[in-house]
Every structure is written in structure tokens, then in C-alpha cells.
Amino acid sequence: MRRAHRVEQVRSAEAELMARLPEGTLMQRAAAGLAATCARLLTRRRGRVYGSRVVVLAGSGDNGGDALYAGAALARRGARVTAVLLAPGRAHVQGLAALRAAHGRVVLEQEVGLADFSCADLVLDGIVGIGGRGGLRPEAEPYARAGRRGVVVAVDVPSGVDADTGEVAGSALRADVTVCFGTYKPGLLIDPGASYAGAVQLVEIGLALPTAEVEALQHAEVAALLPVPGAESDKYRRGVVGVAAGSVTYPGAALLAVAGALRGGAGAVRYVGTAAEEVVRRFPEVLVTEGGPAGAGRVQAWVVGPGGGDGARQALGEALASDVPVLVDADGLTELGRLGPQALTGRTAPTLLTPHTGEAARLLAGAGVVGAGGTTPPAADELAAARLVTARRLAAAYRATVLLKGSTTVIADPGGAVRVNPTGTPWLATAGSGDVLAGLAGSLLAAGLPVLDAASVAAYLHGLAGRHAASAVGAAGLPGVLGAAGTPGAPVMALQVAAALSAVWRDVRGSAGPAAE
């Protein structure tokens, strides 16, 4: 499990620890871990640290101090280290003294700094730390635009990225590796900030932290949550998921949602809608019922909305009137946005909303939320740039769990807990992929997982299935061929993603060892 803490929580834990340690000890711990990571990177890149060209971009405050102390450690190992002071009058005094004592070079001229930056083997970004807000200041902006040949290592957070939210309000310096201290920061796990962080490595420095508000599940946690039938299980004990999806215009949505549901751990899938013939022809094991959810018989969860068209209104109303968990997607979300949060008033069972940012905009408009400049609905781009805030705002407005789809899928519940999905691939941006996800998550709900867990596990498996389907080498975890944009694999169809779910389910359980088998 990756756990991420807000800046305020980190600062409080640091202050408590520093009160019990000799002065400077905490910074020395952080700098030692940072220098060790940089040494490994240089050894991997050049075969040695000695003779490597290292540039330290040092801003003011402790972040610059961490970078300067790490630069001094590398200089003592024979690296040729140059510190570029972006705030000369406010540079960390002790860190700068340590660098000079290790025979590091210090420059103040921007032209010289940019030239060194462009030809360095490794750059330490110590411009702005976790307390920074807004984009880079004018003196640092040229480094975000400059070409570089070496690896850039961010100190705690890439400069220009909001550590609490991942928002990037201006220019930021893109890192290849980010070394964070004590705990992960939410902005390192959530786009757009995550896309600037590169590979994130944690250095423990002994902080005693409270419960994290933001988490990212890994294989072990997902494996422990997967529903597994016992010796006495039957299809009904394993759970029945109802799927109300598809229409004359979008019959394929029904097939895709059912395909995801069949691979999600429930014992049976019950379908209602206009595509019954197509569904049974493709999936003969599915139970079909004429009419809407109200007359479908007992289920343990409903999935409503994928491709629902004009029938989404009735299906949504009947499903919400039930006493079981309801997942609302696609056309169901459009209808819910029209009705507003009051449509969920009085529900005692959980509700899971699975919007992309366009649908999130309509839901927020239905809750009376306006965008920047008073626009209604809020602009989707505005919401995508603030994914954590958007998911939390939706969860609070509708008193429901929200799975906000996108480059980083964020799951938020109305109590404030957030999970960030670490899997996925840009190839999942394809028609019908969301229908598969909706069916999968609904099936996990029917199998008995709590709503936050069902949403988190579904997003995780769906992301892995997308990678599996797109990869030329399959599930073995070997790298695929990189395309021009650096994205492994090839285009996929949504049914290929659904078909890959069983394989990734086995992989996740197998990776967790015998206890999960």
C-alpha cells in the first residue's frame, strides 16, 4: 500500500521528530537517502559516480538544503558538482557550506547554469519544496523549457507541482525520478502532477504520521480483497449482479457491461434491457428478464446506465428504489445530473458513481456547482486539472462514492477517504472500456465487497487488463515495444480488455503467494 499525506501532516510530524533529535539530523537523513539514490542512478547510467557531471538547482529553504547536502555527498565521491543558486540571498547556509567544503562549484549566472543543466549527467531539482504553490517563478522557468540529456531527480516533489493535489498551475520541471521523504505526497500519485514525477522512490526518515487520507493499493492488498468461493458456495451465495444497460442505439454497451460483470466474482449476472437476445447469444449463462429492475427478481447489486439511452431514466429510478448497492454510469449519470443529489436522498444502501470529467461536470452542475468564471457546467478541462478536488467535491455533494475516470482514476467516498489507482494505460481510452469497468465493479459489489474496495479493485484490475490486452508480450510483465509517444503496446477493443480480466485476476492472486491461492 502506498500512503500519501498532506503537507500539513508532514510538517507536524517533522516538527515533532526534530524536537527530539540533534539539530540538522533530519535533513542529513533525507540528504543521505537522496544522495544514495542519485549514486545508484549514475552508476546505472555511467558505471560510476566519479567524474559524473551533476547540477544542483537550489532554491531557498530546506528543499534547496537537501539538494545541496546531497550534492556535497556526491562531490565527495568524485562527482563534478555545480550548484546553481536561484535565490542567492536565501540559499541554505549550512548546505551551501557543505558543498563548497566538498569542492563543489557555485554559479549565479543563469546563462552558465542553463549550459551546465543541458549537459549534466544528473540534475537535482531543489528549487521548490512541498510547501510551494503555483508554477515556477520566472528565474526557474527557463529550466522547464531547456533541453537536457541527463536524468532529473526531484527532491520530494517536482518544482511547480502542488504536493497536496497534483495540480500544476503554470510551468513545472518534469522529473525522471522523484525521491520523497517520510511519506508519499498526494500530488505524486495524481495527474497532472504524477506525470511530472517519473518513478517515485520513498526514503524513510522516521516520521510518525497519522492515518493517510490518500492511498494507492498494490498487488498484495488487491489480492486480499478478491472474492474467492468456498466449498459451500453456489451461484446465489456468491452474489447476483443486475445489469440494466443498452438500448436500440447502443446495444453493444449491454454486451460490454455484461462481459465485465461475468469476470468480476459474482455467481450470476441478471440482465434487463432491450439487448436481451444479443446478450444471451453471446453469453448464454446470463439470466435475462423483460422490463426494468423493479421486476427482475433479487440481486445483490445493480449496474445502471451504460448505453441506456431513453430507458436510463426509468432504470435509474427503479434501481435507486431498491435496497441494494447501485452503480450509476454513462446515461444514468446524465439523468442523475438532471435530477441532482436529492435523487439519492433516503437511500440506505451504497451508491457508486463512475463519471469521466464531462459527466462529472454535469453532475456538479446538477448540484449547483459552477466553474471558474461562473460557467455552468464547469469545464471538463478544469475538473481534470484538479482531479482530487473534483472527486471529493462530487462525493460530498451526492453523499456517494465516486470513481472519477481519467489518466489517474481517483476514488473518493463521502467520508473523505481517497484511493488512487496506479494501473492503466492510455490505450484504455477507447469506446466501451468504461462499460466493462462498470460491469466489473458492479459484480464486485454483488460479491460483497464494500463500495470503496469494490471500486478500487475494479479500477486496479481494469487497468491491468488494459495493459495486458495492449501488450505484445502479455501478462508476464515484460516491457512491450515503445511507440513514438512512449506508450507500450497497441490499440485494443473493449472486449479484449474484458477477456483479459481473468488472466490479470490470476496474476494478482498468484503474485501474493500461497495465502491467496
# chains A, B, ... in the order shown; residues from 1 in each chain; ligands from 1
>>> select_by_dssp(residues="range 308-451 of chain A", states="alpha helix (DSSP H)", output="ChimeraX atom specification")
/A:312-320,331-339,357-366,380-384,387-398,433-446,451
>>> residues_around(residues="Ala315 in chain A", least_positions_apart="5", cutoff="12 Å", atoms="only C-alpha atoms", output="PyMOL selection string")
chain A and resi 242-247+271-274+291-296+302-310+320-322+326-329+331-333+335-336
>>> atom_distance(atom1="CA of Val504 in chain A", atom2="CA of Val240 in chain A")
22.1 Å
>>> closest_residue(among="A:Ala380, A:Val497, A:Ala470, A:Ala301", to="Ala447 in chain A", atoms="only C-alpha atoms")
A:Ala301
>>> atom_distance(atom1="CA of Ser52 in chain A", atom2="CA of Ala75 in chain A")
9.3 Å
>>> closest_residue(among="A:Leu68, A:Val200, A:Ala330, A:Ala212", to="Ala417 in chain A", atoms="only C-alpha atoms")
A:Ala212
>>> closest_residue(among="A:Ala102, A:Ala169, A:Cys38, A:Ala503", to="Ala386 in chain A", atoms="only C-alpha atoms")
A:Ala169
>>> residues_around(residues="Gly182 in chain A", least_positions_apart="5", cutoff="8 Å", atoms="only C-alpha atoms", output="PyMOL selection string")
chain A and resi 10+202-207
>>> write_last_selection(atoms="N, CA and C atoms", output="PDB file, in the first residue's frame")
ATOM      1  N   VAL A  10       2.717  16.304   7.248  1.00  0.00           N
ATOM      2  CA  VAL A  10       4.161  16.058   7.187  1.00  0.00           C
ATOM      3  C   VAL A  10       4.913  17.073   8.044  1.00  0.00           C
ATOM      4  N   LEU A 202      10.645   6.238  -2.213  1.00  0.00           N
ATOM      5  CA  LEU A 202      10.433   6.730  -0.855  1.00  0.00           C
ATOM      6  C   LEU A 202      11.677   6.491  -0.001  1.00  0.00           C
ATOM      7  N   VAL A 203      12.102   7.525   0.696  1.00  0.00           N
ATOM      8  CA  VAL A 203      13.190   7.430   1.671  1.00  0.00           C
ATOM      9  C   VAL A 203      12.585   7.612   3.056  1.00  0.00           C
ATOM     10  N   GLU A 204      12.711   6.602   3.891  1.00  0.00           N
ATOM     11  CA  GLU A 204      12.177   6.686   5.250  1.00  0.00           C
ATOM     12  C   GLU A 204      13.103   7.549   6.109  1.00  0.00           C
ATOM     13  N   ILE A 205      12.485   8.463   6.875  1.00  0.00           N
ATOM     14  CA  ILE A 205      13.295   9.320   7.755  1.00  0.00           C
ATOM     15  C   ILE A 205      12.781   9.283   9.196  1.00  0.00           C
ATOM     16  N   GLY A 206      11.855   8.346   9.481  1.00  0.00           N
ATOM     17  CA  GLY A 206      11.436   8.142  10.864  1.00  0.00           C
ATOM     18  C   GLY A 206      10.249   8.951  11.318  1.00  0.00           C
ATOM     19  N   LEU A 207       9.419   9.437  10.405  1.00  0.00           N
ATOM     20  CA  LEU A 207       8.255  10.241  10.793  1.00  0.00           C
ATOM     21  C   LEU A 207       7.145   9.361  11.368  1.00  0.00           C
TER      22      LEU A 207
END
>>> select_by_dssp(residues="range 76-238 of chain A", states="strand (DSSP E)", output="PyMOL selection string")
chain A and resi 80-85+105-107+122-126+151-155+177-181+199-203+214-216
>>> write_last_selection(atoms="N, CA and C atoms", output="compact mmCIF listing (two decimals), in the first residue's frame")
# COMPACT_ATOMS: atom_id res chain seq x y z
N ARG A 80 31.64 15.79 -10.34
CA ARG A 80 31.87 17.21 -10.58
C ARG A 80 30.53 17.94 -10.40
N VAL A 81 30.37 18.56 -9.25
CA VAL A 81 29.07 19.10 -8.85
C VAL A 81 29.07 20.62 -8.97
N THR A 82 28.04 21.12 -9.64
CA THR A 82 27.83 22.56 -9.75
C THR A 82 26.47 22.90 -9.15
N ALA A 83 26.46 23.86 -8.24
CA ALA A 83 25.21 24.34 -7.66
C ALA A 83 24.82 25.65 -8.33
N VAL A 84 23.61 25.68 -8.88
CA VAL A 84 23.07 26.90 -9.47
C VAL A 84 22.11 27.49 -8.44
N LEU A 85 22.45 28.66 -7.91
CA LEU A 85 21.64 29.29 -6.87
C LEU A 85 20.58 30.17 -7.52
N ARG A 105 31.24 23.45 -7.12
CA ARG A 105 31.29 24.76 -7.78
C ARG A 105 29.94 25.45 -7.61
N VAL A 106 29.96 26.77 -7.43
CA VAL A 106 28.72 27.54 -7.25
C VAL A 106 28.65 28.61 -8.34
N VAL A 107 27.51 28.67 -9.02
CA VAL A 107 27.31 29.69 -10.05
C VAL A 107 26.02 30.45 -9.77
N LEU A 122 23.32 14.26 -14.37
CA LEU A 122 22.22 14.20 -13.40
C LEU A 122 21.96 15.60 -12.87
N VAL A 123 20.68 15.92 -12.72
CA VAL A 123 20.26 17.22 -12.19
C VAL A 123 19.41 16.98 -10.95
N LEU A 124 19.73 17.68 -9.87
CA LEU A 124 18.91 17.65 -8.66
C LEU A 124 18.00 18.87 -8.66
N ASP A 125 16.70 18.64 -8.66
CA ASP A 125 15.73 19.73 -8.63
C ASP A 125 15.38 20.03 -7.18
N GLY A 126 16.06 21.03 -6.62
CA GLY A 126 15.78 21.50 -5.28
C GLY A 126 15.29 22.94 -5.30
N VAL A 151 19.51 12.67 -16.37
CA VAL A 151 18.33 12.33 -15.58
C VAL A 151 18.07 13.44 -14.58
N VAL A 152 16.81 13.83 -14.43
CA VAL A 152 16.42 14.86 -13.48
C VAL A 152 15.79 14.18 -12.27
N VAL A 153 16.31 14.48 -11.09
CA VAL A 153 15.81 13.90 -9.84
C VAL A 153 15.18 15.02 -9.01
N ALA A 154 13.87 14.91 -8.79
CA ALA A 154 13.18 15.91 -7.98
C ALA A 154 13.36 15.59 -6.51
N VAL A 155 13.51 16.63 -5.70
CA VAL A 155 13.70 16.49 -4.27
C VAL A 155 12.33 16.66 -3.59
N VAL A 177 12.89 10.92 -11.96
CA VAL A 177 12.76 10.23 -10.67
C VAL A 177 12.44 11.29 -9.62
N THR A 178 11.53 10.95 -8.72
CA THR A 178 11.28 11.81 -7.56
C THR A 178 11.59 11.02 -6.29
N VAL A 179 12.45 11.57 -5.46
CA VAL A 179 12.77 10.96 -4.17
C VAL A 179 12.00 11.73 -3.10
N CYS A 180 11.03 11.06 -2.48
CA CYS A 180 10.22 11.73 -1.46
C CYS A 180 10.60 11.22 -0.08
N PHE A 181 10.43 12.08 0.91
CA PHE A 181 10.93 11.82 2.25
C PHE A 181 9.79 11.54 3.23
N ALA A 199 9.46 8.04 -11.92
CA ALA A 199 9.47 6.96 -10.93
C ALA A 199 9.63 7.56 -9.54
N VAL A 200 8.76 7.16 -8.63
CA VAL A 200 8.77 7.74 -7.28
C VAL A 200 9.40 6.76 -6.30
N GLN A 201 10.40 7.24 -5.57
CA GLN A 201 11.09 6.41 -4.58
C GLN A 201 10.98 7.05 -3.21
N LEU A 202 10.65 6.24 -2.21
CA LEU A 202 10.43 6.73 -0.85
C LEU A 202 11.68 6.49 0.00
N VAL A 203 12.10 7.53 0.70
CA VAL A 203 13.19 7.43 1.67
C VAL A 203 12.58 7.61 3.06
N VAL A 214 -5.09 9.59 1.60
CA VAL A 214 -4.97 9.13 0.21
C VAL A 214 -4.11 7.87 0.19
N GLU A 215 -4.61 6.84 -0.48
CA GLU A 215 -3.91 5.57 -0.57
C GLU A 215 -3.90 5.09 -2.02
N ALA A 216 -2.95 4.23 -2.33
CA ALA A 216 -2.89 3.54 -3.62
C ALA A 216 -2.64 2.07 -3.35
>>> closest_residue(among="A:Val457, A:Leu189, A:Ala372, A:Met493", to="Arg2 in chain A", atoms="only C-alpha atoms")
A:Leu189
>>> atom_distance(atom1="CA of Met18 in chain A", atom2="CA of Asp62 in chain A")
13.4 Å
